[in-house]
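What follows is a short report on a single structure.
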Amino acid sequence: RYMDTYLSMYRDATGGLLGRRGLRAMMFDSWEASHANWTGAILEQFKRLRGYDPLPWLPALAGYVVESPEKSDAFLWDWRRTLQQLLKINHYDFLTEMLHGAGMIRYGEAHEATFAVMGDGMEMKQSADVPMGAMWQANRPGEIEAVYFNDLQESASVAHIYGQNLAAAEALTGGPPYGCAPWDLKPTADAILLAGVNRFVIHTSTHQPVDKGPGITLGVGQYFTRHETWAEQAKAWIDYLSRASFLLQQGQAAHELAVFYGEAGPMVATYRDSYPPVPEGYRYDYVNADVILNRLSVNNGLLTTPSGMRYHALFLGRGAERVSLPVLRKLRELARNGAIVIGLRPQGSPSLADNPGEVNAILNELWPGGAVARVGRGRVFADDSPAEALKAIGLKPDFTY
């Protein structure tokens, strides 16, 4: 109802010009609606997605222990995972479908940095025509916060793996009011490009109906308007952003590693103030459970995607301390077919729905003990960093920065 009403306002204002010959896109900002954990249909949806009845376990939602702390935690993991999947299907995928019906496309952020989130960021961006993150301008030019860089890398990973080609950034938000010239903004813009972004969405250009400065502002963001003190000299700056973006929209990204951040929570929570321990000179994409289950296959020893990405190895990083049975089955299949898997042995499955016996059997096959295990045509390196494994397979860094 909200979307019908909102789009009808623009349809009326433009005389029906929605789509390629009119208003082309709608941008969905970061999720800032905190948490919700109930809908009228959630019990049936839970049964469909998890395969068991949640009713006996509902006291765990109120903090009570049902049967045991371990089983209660496993149920709560299942509940949170169900919320993630329903948010993806019933909110983000549905929004994209509605916009496509109007001839429009969706730009989509997810969690950004500090906001409470329900969803998995890659899933929230997966159906966006232009997956999008954010990078704020720090008060001291040149400072980069890891959480924003990771958010942008996640957006670029979605574009690489699901084939959108474009990855956008809410760019240069924050900073002192009217206190940033291109000289100050360029280090942040360059970091945005290094993260894999190839389209800038500058936050914010507020309509200026007044003639006197400093004019009207949104109250947050770079005040990118005709009242900016360097507005008349802005052409060279915009040409730089445009040219760099255009060049990075060509060709295919070339990354050596896929980094799995587990299924416990969003990537920006797992790597909030840090990065995966990937040695300098190697590039990587983030991957979630959906990518492993539905996008990765093995070709000539490389992990490949339908979009054309090729990875030399899959690294199980922070967040993969527990891995669900479907993902473990796929990891075994990939390894048997020749993939290189790097990471410490998971402790088990996080889900109450998974068979512990089968989980342990797969773990014993993939991590039987020792530093390296041969599994079919592939290898599994039991290490919390990919550095030694990359040396062992003879993969040298392509560049340094």
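Identifiers for the structure tokens are assigned positionally: chains receive A, B, ... in sequence, residues are indexed from 1 per chain, and ligands are indexed from 1 in the order shown.
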Within 10 Å of region 68-78 of chain A, counting only C-alpha atoms, which residues qualify if same-chain residues fewer than 3 places away don't, as a compact mmCIF listing (two decimals) with all heavy atoms, in the first residue's frame?
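The resulting file, part19.txt, is shown below:
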# COMPACT_ATOMS: atom_id res chain seq x y z
N PHE A 46 8.14 -20.65 9.33
CA PHE A 46 9.23 -21.31 10.04
C PHE A 46 9.22 -22.81 9.74
O PHE A 46 10.27 -23.40 9.45
CB PHE A 46 9.10 -21.06 11.54
CG PHE A 46 10.25 -21.61 12.35
CD1 PHE A 46 11.29 -20.79 12.74
CD2 PHE A 46 10.29 -22.95 12.73
CE1 PHE A 46 12.35 -21.29 13.49
CE2 PHE A 46 11.34 -23.46 13.47
CZ PHE A 46 12.37 -22.62 13.85
N LEU A 49 10.56 -23.37 6.22
CA LEU A 49 11.98 -23.11 6.01
C LEU A 49 12.89 -23.97 6.87
O LEU A 49 14.00 -24.32 6.46
CB LEU A 49 12.28 -21.63 6.27
CG LEU A 49 11.67 -20.64 5.27
CD1 LEU A 49 11.80 -19.21 5.77
CD2 LEU A 49 12.33 -20.79 3.91
N ARG A 50 12.44 -24.31 8.07
CA ARG A 50 13.31 -25.05 9.00
C ARG A 50 12.95 -26.51 9.12
O ARG A 50 13.76 -27.31 9.59
CB ARG A 50 13.27 -24.41 10.38
CG ARG A 50 13.65 -22.93 10.42
CD ARG A 50 15.16 -22.72 10.45
NE ARG A 50 15.81 -22.82 9.17
CZ ARG A 50 15.90 -21.83 8.29
NH1 ARG A 50 15.34 -20.66 8.52
NH2 ARG A 50 16.55 -22.01 7.16
N PRO A 54 7.95 -24.83 15.54
CA PRO A 54 8.60 -23.97 16.53
C PRO A 54 7.81 -23.81 17.83
O PRO A 54 8.35 -23.29 18.81
CB PRO A 54 8.69 -22.64 15.80
CG PRO A 54 7.49 -22.61 14.93
CD PRO A 54 7.31 -24.03 14.47
N TRP A 57 9.13 -24.43 21.30
CA TRP A 57 10.37 -23.71 21.60
C TRP A 57 10.15 -22.22 21.81
O TRP A 57 11.10 -21.49 22.14
CB TRP A 57 11.38 -23.91 20.46
CG TRP A 57 11.72 -25.34 20.25
CD1 TRP A 57 11.10 -26.24 19.42
CD2 TRP A 57 12.74 -26.07 20.93
NE1 TRP A 57 11.68 -27.47 19.51
CE2 TRP A 57 12.69 -27.41 20.43
CE3 TRP A 57 13.70 -25.74 21.88
CZ2 TRP A 57 13.56 -28.39 20.88
CZ3 TRP A 57 14.57 -26.72 22.32
CH2 TRP A 57 14.49 -28.03 21.83
N LEU A 58 8.92 -21.73 21.64
CA LEU A 58 8.68 -20.29 21.71
C LEU A 58 9.06 -19.65 23.04
O LEU A 58 9.45 -18.48 23.06
CB LEU A 58 7.21 -19.99 21.38
CG LEU A 58 6.78 -20.25 19.93
CD1 LEU A 58 5.34 -19.80 19.73
CD2 LEU A 58 7.70 -19.54 18.95
N PRO A 59 9.00 -20.34 24.20
CA PRO A 59 9.46 -19.70 25.43
C PRO A 59 10.90 -19.20 25.36
O PRO A 59 11.27 -18.27 26.10
CB PRO A 59 9.29 -20.80 26.48
CG PRO A 59 8.15 -21.61 25.96
CD PRO A 59 8.34 -21.64 24.47
N ALA A 60 11.70 -19.80 24.50
CA ALA A 60 13.09 -19.34 24.36
C ALA A 60 13.16 -17.90 23.87
O ALA A 60 14.11 -17.18 24.17
CB ALA A 60 13.86 -20.26 23.40
N LEU A 61 12.12 -17.45 23.13
CA LEU A 61 12.09 -16.06 22.67
C LEU A 61 11.96 -15.09 23.84
O LEU A 61 12.34 -13.92 23.73
CB LEU A 61 10.93 -15.85 21.70
CG LEU A 61 10.99 -16.59 20.36
CD1 LEU A 61 9.72 -16.36 19.57
CD2 LEU A 61 12.22 -16.16 19.57
N GLY A 63 13.42 -15.72 26.76
CA GLY A 63 14.56 -15.90 27.64
C GLY A 63 14.55 -17.17 28.46
O GLY A 63 15.46 -17.38 29.28
N TYR A 64 13.56 -18.02 28.29
CA TYR A 64 13.50 -19.27 29.04
C TYR A 64 14.32 -20.35 28.33
O TYR A 64 14.41 -20.37 27.10
CB TYR A 64 12.06 -19.75 29.20
CG TYR A 64 11.22 -18.85 30.06
CD1 TYR A 64 10.43 -17.85 29.47
CD2 TYR A 64 11.21 -18.97 31.44
CE1 TYR A 64 9.65 -17.01 30.26
CE2 TYR A 64 10.44 -18.14 32.23
CZ TYR A 64 9.66 -17.16 31.64
OH TYR A 64 8.90 -16.32 32.42
N VAL A 65 14.89 -21.27 29.11
CA VAL A 65 15.62 -22.40 28.55
C VAL A 65 14.64 -23.54 28.30
O VAL A 65 13.88 -23.93 29.19
CB VAL A 65 16.73 -22.87 29.51
CG1 VAL A 65 17.37 -24.17 29.00
CG2 VAL A 65 17.79 -21.79 29.65
N ARG A 81 17.53 -16.85 11.58
CA ARG A 81 17.77 -17.15 10.16
C ARG A 81 16.47 -17.08 9.37
O ARG A 81 16.46 -16.59 8.22
CB ARG A 81 18.40 -18.54 10.03
CG ARG A 81 18.73 -18.91 8.58
CD ARG A 81 19.85 -18.06 8.03
NE ARG A 81 19.99 -18.25 6.59
CZ ARG A 81 19.87 -17.30 5.68
NH1 ARG A 81 19.64 -16.05 6.05
NH2 ARG A 81 20.00 -17.56 4.40
N THR A 82 15.38 -17.52 9.96
CA THR A 82 14.07 -17.42 9.31
C THR A 82 13.70 -15.97 9.07
O THR A 82 13.21 -15.60 7.99
CB THR A 82 13.00 -18.12 10.17
OG1 THR A 82 13.36 -19.50 10.33
CG2 THR A 82 11.63 -18.03 9.52
N LEU A 83 13.94 -15.11 10.08
CA LEU A 83 13.66 -13.68 9.91
C LEU A 83 14.46 -13.10 8.76
O LEU A 83 13.95 -12.30 7.95
CB LEU A 83 13.96 -12.93 11.20
CG LEU A 83 13.10 -13.26 12.43
CD1 LEU A 83 13.60 -12.49 13.65
CD2 LEU A 83 11.64 -12.93 12.17
N GLN A 84 15.74 -13.48 8.67
CA GLN A 84 16.58 -12.98 7.58
C GLN A 84 16.00 -13.36 6.21
O GLN A 84 15.90 -12.51 5.31
CB GLN A 84 17.99 -13.56 7.69
CG GLN A 84 18.81 -13.03 8.86
CD GLN A 84 20.16 -13.69 8.92
OE1 GLN A 84 20.40 -14.75 8.34
NE2 GLN A 84 21.08 -13.06 9.64
N GLU A 263 27.11 -17.71 9.00
CA GLU A 263 25.66 -17.54 8.93
C GLU A 263 25.09 -16.94 10.22
O GLU A 263 23.88 -16.83 10.36
CB GLU A 263 25.00 -18.89 8.67
CG GLU A 263 25.53 -19.60 7.44
CD GLU A 263 25.17 -21.07 7.42
OE1 GLU A 263 24.06 -21.40 6.95
OE2 GLU A 263 25.99 -21.88 7.89
N ALA A 264 25.96 -16.56 11.14
CA ALA A 264 25.50 -16.12 12.45
C ALA A 264 24.96 -14.69 12.44
O ALA A 264 24.09 -14.34 13.24
CB ALA A 264 26.63 -16.22 13.47
N GLY A 265 25.46 -13.86 11.55
CA GLY A 265 25.02 -12.47 11.54
C GLY A 265 25.55 -11.76 10.31
O GLY A 265 26.28 -12.35 9.50
N SER A 349 27.14 -27.56 13.82
CA SER A 349 26.09 -26.78 13.17
C SER A 349 25.41 -25.87 14.19
O SER A 349 25.26 -26.24 15.35
CB SER A 349 25.04 -27.71 12.54
OG SER A 349 23.88 -26.99 12.18
N PRO A 350 24.95 -24.68 13.76
CA PRO A 350 24.23 -23.80 14.68
C PRO A 350 22.74 -24.12 14.76
O PRO A 350 22.03 -23.54 15.57
CB PRO A 350 24.44 -22.42 14.06
CG PRO A 350 24.51 -22.70 12.59
CD PRO A 350 25.20 -24.04 12.46
N SER A 351 22.24 -25.05 13.91
CA SER A 351 20.81 -25.24 13.74
C SER A 351 20.29 -26.46 14.48
O SER A 351 20.91 -27.53 14.47
CB SER A 351 20.47 -25.36 12.25
OG SER A 351 19.12 -25.70 12.06
N LEU A 352 19.11 -26.30 15.08
CA LEU A 352 18.42 -27.42 15.73
C LEU A 352 17.89 -28.42 14.70
O LEU A 352 17.63 -29.58 15.03
CB LEU A 352 17.27 -26.88 16.58
CG LEU A 352 16.58 -27.83 17.56
CD1 LEU A 352 17.55 -28.32 18.62
CD2 LEU A 352 15.38 -27.12 18.21
N ALA A 353 17.74 -28.00 13.46
CA ALA A 353 17.16 -28.85 12.42
C ALA A 353 18.17 -29.83 11.83
O ALA A 353 17.78 -30.76 11.13
CB ALA A 353 16.58 -27.99 11.31
N ASP A 354 19.46 -29.64 12.09
CA ASP A 354 20.48 -30.45 11.43
C ASP A 354 20.79 -31.73 12.21
O ASP A 354 20.75 -31.75 13.44
CB ASP A 354 21.76 -29.63 11.25
CG ASP A 354 21.61 -28.54 10.21
OD1 ASP A 354 20.62 -28.59 9.45
OD2 ASP A 354 22.46 -27.64 10.15
Could you pull out the helix (DSSP H, G or I) residues of region 278-332 of chain A from DSSP and send them as a PyMOL selection string?
chain A and resi 289-294+325-332
Residues of region 278-382 of chain A that have any atom at most 12 Å from an atom of region 186-202 of chain A: could you tabulate them with the shortest-distance atom pair and the distance in Å to one decimal, using only C-alpha atoms, ordered by chain and increasing number, as a tab-separated table?
residue	atom	partner	partner_atom	distance
A:Arg283	CA	A:Ala195	CA	9.8
A:Tyr284	CA	A:Ala195	CA	10.1
A:Asp285	CA	A:Gly196	CA	9.6
A:Tyr286	CA	A:Ala195	CA	11.7
Can you pull out the residues contacting Ala258 (chain A)? Cut-off 12 Å, using only C-alpha atoms, and skip same-chain residues under 2 positions away; I want them as an MDAnalysis selection string.
chainID A and resid 153:154 157:158 160:161 254:256 260:261 276 278 282:289 291:292 295:296 302:305 309:317 339:343 386
Take the residues that were just selected and, keeping N, CA and C atoms, output them as a CSV table (one decimal), in the first residue's frame.
chain,number,residue,atom,x,y,z
A,153,GLN,N,32.7,-3.2,0.1
A,153,GLN,CA,33.2,-4.5,-0.4
A,153,GLN,C,32.1,-5.5,-0.6
A,154,GLU,N,31.2,-5.5,0.4
A,154,GLU,CA,30.1,-6.4,0.3
A,154,GLU,C,29.2,-6.1,-0.9
A,157,SER,N,30.9,-7.2,-3.9
A,157,SER,CA,30.9,-8.7,-4.0
A,157,SER,C,29.6,-9.1,-4.6
A,158,VAL,N,28.5,-8.5,-4.1
A,158,VAL,CA,27.1,-8.9,-4.7
A,158,VAL,C,27.1,-8.6,-6.2
A,160,HIS,N,29.6,-8.5,-8.3
A,160,HIS,CA,30.5,-9.4,-9.0
A,160,HIS,C,29.8,-10.8,-9.1
A,161,ILE,N,29.2,-11.3,-8.1
A,161,ILE,CA,28.7,-12.6,-8.0
A,161,ILE,C,27.4,-12.8,-8.7
A,254,ALA,N,38.9,-9.3,-10.9
A,254,ALA,CA,39.8,-10.4,-10.7
A,254,ALA,C,40.2,-10.5,-9.3
A,255,HIS,N,39.6,-11.5,-8.6
A,255,HIS,CA,39.9,-11.6,-7.1
A,255,HIS,C,40.4,-13.0,-6.9
A,256,GLU,N,41.3,-13.2,-5.9
A,256,GLU,CA,41.9,-14.5,-5.7
A,256,GLU,C,41.1,-15.3,-4.7
A,260,PHE,N,34.1,-16.4,3.3
A,260,PHE,CA,32.8,-16.8,3.9
A,260,PHE,C,32.8,-16.3,5.4
A,261,TYR,N,31.8,-15.4,5.7
A,261,TYR,CA,31.7,-14.8,7.0
A,261,TYR,C,30.7,-15.5,7.9
A,276,PRO,N,39.2,-9.3,7.2
A,276,PRO,CA,39.7,-10.7,7.2
A,276,PRO,C,41.2,-10.7,7.1
A,278,VAL,N,43.5,-11.5,5.2
A,278,VAL,CA,44.0,-11.8,3.9
A,278,VAL,C,45.3,-11.0,3.7
A,282,TYR,N,46.5,-9.5,-2.2
A,282,TYR,CA,45.4,-10.4,-2.7
A,282,TYR,C,44.1,-9.7,-2.5
A,283,ARG,N,43.2,-9.9,-3.5
A,283,ARG,CA,41.9,-9.3,-3.5
A,283,ARG,C,40.9,-10.4,-3.1
A,284,TYR,N,39.7,-10.0,-2.5
A,284,TYR,CA,38.7,-11.0,-2.2
A,284,TYR,C,37.3,-10.5,-2.3
A,285,ASP,N,36.4,-11.4,-2.5
A,285,ASP,CA,35.0,-11.1,-2.4
A,285,ASP,C,34.4,-11.8,-1.1
A,286,TYR,N,33.4,-11.1,-0.5
A,286,TYR,CA,32.7,-11.8,0.6
A,286,TYR,C,31.7,-12.8,-0.1
A,287,VAL,N,31.4,-13.9,0.6
A,287,VAL,CA,30.3,-14.8,0.2
A,287,VAL,C,29.5,-15.2,1.4
A,288,ASN,N,28.2,-15.4,1.2
A,288,ASN,CA,27.4,-15.9,2.2
A,288,ASN,C,26.9,-17.3,1.9
A,289,ALA,N,26.0,-17.9,2.7
A,289,ALA,CA,25.5,-19.2,2.5
A,289,ALA,C,24.9,-19.4,1.1
A,291,VAL,N,25.5,-17.9,-1.7
A,291,VAL,CA,26.6,-17.9,-2.7
A,291,VAL,C,27.2,-19.3,-2.8
A,292,ILE,N,27.5,-19.9,-1.6
A,292,ILE,CA,28.1,-21.2,-1.6
A,292,ILE,C,27.2,-22.2,-2.1
A,295,ARG,N,25.8,-20.6,-6.1
A,295,ARG,CA,26.5,-19.9,-7.1
A,295,ARG,C,27.9,-20.5,-7.4
A,296,LEU,N,28.5,-21.2,-6.4
A,296,LEU,CA,29.9,-21.7,-6.6
A,296,LEU,C,29.9,-23.1,-7.1
A,302,LEU,N,39.4,-24.2,-10.0
A,302,LEU,CA,39.0,-22.8,-9.5
A,302,LEU,C,37.5,-22.8,-9.1
A,303,LEU,N,37.2,-22.0,-8.1
A,303,LEU,CA,35.8,-21.8,-7.8
A,303,LEU,C,35.3,-20.7,-8.7
A,304,THR,N,34.2,-21.0,-9.4
A,304,THR,CA,33.6,-20.1,-10.4
A,304,THR,C,32.2,-19.8,-10.1
A,305,THR,N,31.7,-18.7,-10.7
A,305,THR,CA,30.3,-18.3,-10.6
A,305,THR,C,29.7,-18.2,-12.0
A,309,MET,N,33.1,-14.9,-12.2
A,309,MET,CA,34.1,-14.7,-11.2
A,309,MET,C,34.9,-16.1,-11.0
A,310,ARG,N,36.2,-16.0,-10.7
A,310,ARG,CA,37.0,-17.1,-10.5
A,310,ARG,C,37.9,-16.9,-9.2
A,311,TYR,N,37.8,-17.8,-8.3
A,311,TYR,CA,38.5,-17.7,-7.1
A,311,TYR,C,39.4,-19.0,-6.9
A,312,HIS,N,40.6,-18.7,-6.4
A,312,HIS,CA,41.6,-19.8,-6.2
A,312,HIS,C,41.3,-20.6,-4.9
A,313,ALA,N,40.6,-20.0,-4.0
A,313,ALA,CA,40.3,-20.7,-2.7
A,313,ALA,C,39.2,-20.0,-2.0
A,314,LEU,N,38.5,-20.8,-1.1
A,314,LEU,CA,37.5,-20.3,-0.2
A,314,LEU,C,38.0,-20.3,1.2
A,315,PHE,N,37.9,-19.1,1.8
A,315,PHE,CA,38.4,-19.0,3.2
A,315,PHE,C,37.3,-18.9,4.2
A,316,LEU,N,37.2,-19.8,5.2
A,316,LEU,CA,36.2,-19.7,6.2
A,316,LEU,C,36.7,-18.8,7.3
A,317,GLY,N,36.3,-17.6,7.4
A,317,GLY,CA,36.8,-16.6,8.3
A,317,GLY,C,36.0,-16.5,9.6
A,339,ALA,N,38.3,-28.1,-5.2
A,339,ALA,CA,38.4,-26.8,-4.6
A,339,ALA,C,39.4,-26.8,-3.5
A,340,ILE,N,40.0,-25.6,-3.2
A,340,ILE,CA,40.8,-25.3,-2.1
A,340,ILE,C,40.0,-24.6,-1.0
A,341,VAL,N,39.9,-25.2,0.2
A,341,VAL,CA,39.2,-24.7,1.3
A,341,VAL,C,40.2,-24.4,2.4
A,342,ILE,N,40.1,-23.2,3.0
A,342,ILE,CA,41.0,-22.8,4.1
A,342,ILE,C,40.2,-22.4,5.3
A,343,GLY,N,40.5,-22.9,6.4
A,343,GLY,CA,39.8,-22.4,7.6
A,343,GLY,C,39.9,-23.5,8.7
A,386,PRO,N,44.8,-17.4,5.6
A,386,PRO,CA,45.0,-18.0,4.3
A,386,PRO,C,46.5,-17.9,3.8
Quick one: DSSP strand (DSSP E or B) residues in region 56-231 of chain A, as a ChimeraX atom specification?
/A:105-108,130-136,168-173,199-202
Go ahead and dump the residues you just picked, C-alpha atoms, as a CSV table (one decimal), in the first residue's frame.
chain,number,residue,atom,x,y,z
A,105,ILE,CA,15.1,-0.1,-11.0
A,106,ARG,CA,16.1,-0.4,-7.3
A,107,TYR,CA,19.3,1.0,-5.7
A,108,GLY,CA,19.6,-0.9,-2.4
A,130,VAL,CA,22.4,-1.6,-8.1
A,131,PRO,CA,23.7,-3.0,-4.8
A,132,MET,CA,24.9,-0.1,-2.6
A,133,GLY,CA,26.8,0.6,0.6
A,134,ALA,CA,27.9,3.8,2.3
A,135,MET,CA,31.1,5.5,3.3
A,136,TRP,CA,31.1,8.6,5.5
A,168,ALA,CA,27.2,2.2,-5.8
A,169,ALA,CA,28.1,4.1,-2.7
A,170,GLU,CA,26.3,6.7,-0.6
A,171,ALA,CA,29.4,8.8,-0.8
A,172,LEU,CA,31.1,11.4,1.3
A,173,THR,CA,28.4,11.6,4.0
A,199,ARG,CA,29.2,4.6,-9.1
A,200,PHE,CA,29.0,7.5,-6.7
A,201,VAL,CA,25.8,8.7,-5.1
A,202,ILE,CA,26.7,11.9,-3.4
Using only C-alpha atoms, what does the table of region 139-213 of chain A residues within 8 Å of region 219-240 of chain A look like, with each row giving the shortest atom pair and its distance in Å to one decimal, sorted by chain and ascending number, as JSON lines?
{"residue": "A:Leu172", "atom": "CA", "partner": "A:Gln222", "partner_atom": "CA", "distance": 6.2}
{"residue": "A:Thr173", "atom": "CA", "partner": "A:Gly221", "partner_atom": "CA", "distance": 3.9}
{"residue": "A:Gly174", "atom": "CA", "partner": "A:Gly221", "partner_atom": "CA", "distance": 4.3}
{"residue": "A:Gly175", "atom": "CA", "partner": "A:Gln222", "partner_atom": "CA", "distance": 6.7}
{"residue": "A:Pro177", "atom": "CA", "partner": "A:Gln222", "partner_atom": "CA", "distance": 7.0}
{"residue": "A:Tyr178", "atom": "CA", "partner": "A:Tyr223", "partner_atom": "CA", "distance": 6.4}
{"residue": "A:Cys180", "atom": "CA", "partner": "A:Gln222", "partner_atom": "CA", "distance": 7.6}
{"residue": "A:Ala181", "atom": "CA", "partner": "A:Trp230", "partner_atom": "CA", "distance": 7.2}
{"residue": "A:Pro182", "atom": "CA", "partner": "A:Trp237", "partner_atom": "CA", "distance": 6.5}
{"residue": "A:Ile202", "atom": "CA", "partner": "A:Phe224", "partner_atom": "CA", "distance": 7.6}
{"residue": "A:His203", "atom": "CA", "partner": "A:Gly221", "partner_atom": "CA", "distance": 5.3}
{"residue": "A:Thr204", "atom": "CA", "partner": "A:Gly221", "partner_atom": "CA", "distance": 5.6}
{"residue": "A:Ser205", "atom": "CA", "partner": "A:Phe224", "partner_atom": "CA", "distance": 4.8}
{"residue": "A:Thr206", "atom": "CA", "partner": "A:Thr225", "partner_atom": "CA", "distance": 6.6}
{"residue": "A:His207", "atom": "CA", "partner": "A:Thr225", "partner_atom": "CA", "distance": 7.6}
{"residue": "A:Gln208", "atom": "CA", "partner": "A:Thr225", "partner_atom": "CA", "distance": 7.3}
{"residue": "A:Lys212", "atom": "CA", "partner": "A:His227", "partner_atom": "CA", "distance": 7.8}
{"residue": "A:Gly213", "atom": "CA", "partner": "A:His227", "partner_atom": "CA", "distance": 5.6}
Between CA of Asn150 (chain A) and CA of Val268 (chain A), what is the distance, to one decimal in Å?
6.6 Å
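Taking CA of Arg377 (chain A) and CA of Gly163 (chain A) as endpoints, the distance between them is 28.6 Å.
Using only C-alpha atoms, the shortest contact distance between Gln249 (chain A) and any of A:Gly338, A:Ser324, A:Leu166, A:Leu331 is found at A:Leu166.
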Polymer residues at most 9 Å from Thr96 (chain A), only C-alpha atoms, same-chain spacing of 4 or more positions, as number ranges by chain
A: 91-92, 100-101, 104-106, 127-129
Expected file contents, prior selection, all heavy atoms, as a short mmCIF file (atom, residue, chain, number, x, y, z; two decimals), in the first residue's frame:
data_model
loop_
_atom_site.label_atom_id
_atom_site.label_comp_id
_atom_site.auth_asym_id
_atom_site.auth_seq_id
_atom_site.Cartn_x
_atom_site.Cartn_y
_atom_site.Cartn_z
N HIS A 91 10.32 -8.41 1.64
CA HIS A 91 10.57 -6.97 1.61
C HIS A 91 11.42 -6.60 0.40
O HIS A 91 10.93 -6.00 -0.55
CB HIS A 91 11.25 -6.52 2.91
CG HIS A 91 11.48 -5.04 3.00
ND1 HIS A 91 10.45 -4.13 3.02
CD2 HIS A 91 12.62 -4.32 3.08
CE1 HIS A 91 10.94 -2.90 3.10
NE2 HIS A 91 12.26 -2.99 3.14
N TYR A 92 12.68 -7.01 0.40
CA TYR A 92 13.59 -6.53 -0.64
C TYR A 92 13.27 -7.09 -2.02
O TYR A 92 13.21 -6.35 -3.01
CB TYR A 92 15.03 -6.84 -0.23
CG TYR A 92 15.48 -5.97 0.92
CD1 TYR A 92 15.53 -6.47 2.21
CD2 TYR A 92 15.82 -4.64 0.72
CE1 TYR A 92 15.92 -5.67 3.27
CE2 TYR A 92 16.21 -3.83 1.77
CZ TYR A 92 16.24 -4.35 3.05
OH TYR A 92 16.61 -3.54 4.09
N HIS A 100 10.15 -3.01 -10.86
CA HIS A 100 10.27 -3.52 -12.22
C HIS A 100 8.92 -3.48 -12.94
O HIS A 100 8.86 -3.22 -14.15
CB HIS A 100 10.81 -4.95 -12.21
CG HIS A 100 12.27 -5.02 -11.89
ND1 HIS A 100 12.96 -6.21 -11.85
CD2 HIS A 100 13.17 -4.05 -11.60
CE1 HIS A 100 14.23 -5.97 -11.55
NE2 HIS A 100 14.38 -4.67 -11.39
N GLY A 101 7.84 -3.70 -12.19
CA GLY A 101 6.51 -3.60 -12.78
C GLY A 101 6.18 -2.21 -13.26
O GLY A 101 5.37 -2.02 -14.17
N MET A 104 10.93 0.63 -13.42
CA MET A 104 12.00 1.28 -12.68
C MET A 104 12.98 0.25 -12.12
O MET A 104 12.74 -0.95 -12.20
CB MET A 104 11.41 2.12 -11.53
CG MET A 104 10.46 3.22 -11.99
SD MET A 104 9.63 4.05 -10.61
CE MET A 104 11.02 4.84 -9.79
N ILE A 105 14.08 0.73 -11.57
CA ILE A 105 15.07 -0.14 -10.95
C ILE A 105 15.27 0.28 -9.50
O ILE A 105 14.89 1.38 -9.09
CB ILE A 105 16.41 -0.13 -11.71
CG1 ILE A 105 17.05 1.27 -11.66
CG2 ILE A 105 16.23 -0.60 -13.14
CD1 ILE A 105 18.46 1.32 -12.22
N ARG A 106 15.91 -0.64 -8.74
CA ARG A 106 16.13 -0.38 -7.32
C ARG A 106 17.61 -0.26 -7.01
O ARG A 106 18.40 -1.13 -7.36
CB ARG A 106 15.54 -1.51 -6.46
CG ARG A 106 15.82 -1.35 -4.96
CD ARG A 106 15.01 -2.32 -4.12
NE ARG A 106 15.54 -3.68 -4.07
CZ ARG A 106 16.44 -4.10 -3.17
NH1 ARG A 106 16.92 -3.27 -2.27
NH2 ARG A 106 16.85 -5.35 -3.20
N SER A 127 18.84 -8.72 -4.75
CA SER A 127 17.89 -8.45 -5.82
C SER A 127 17.91 -6.99 -6.27
O SER A 127 17.15 -6.61 -7.16
CB SER A 127 16.47 -8.83 -5.39
OG SER A 127 16.04 -8.04 -4.29
N ALA A 128 18.76 -6.17 -5.66
CA ALA A 128 18.88 -4.78 -6.10
C ALA A 128 19.51 -4.73 -7.49
O ALA A 128 20.45 -5.48 -7.78
CB ALA A 128 19.72 -3.98 -5.12
N ASP A 129 19.00 -3.87 -8.34
CA ASP A 129 19.63 -3.67 -9.65
C ASP A 129 21.00 -3.03 -9.49
O ASP A 129 21.90 -3.28 -10.29
CB ASP A 129 18.73 -2.80 -10.53
CG ASP A 129 17.38 -3.44 -10.76
OD1 ASP A 129 17.28 -4.33 -11.61
OD2 ASP A 129 16.42 -3.06 -10.06
#
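For the residues A:Leu185, A:Leu18, A:Leu328, A:Val372, ranking by smallest atom-to-atom distance to Pro141 (chain A) using only C-alpha atoms places A:Leu185 first.
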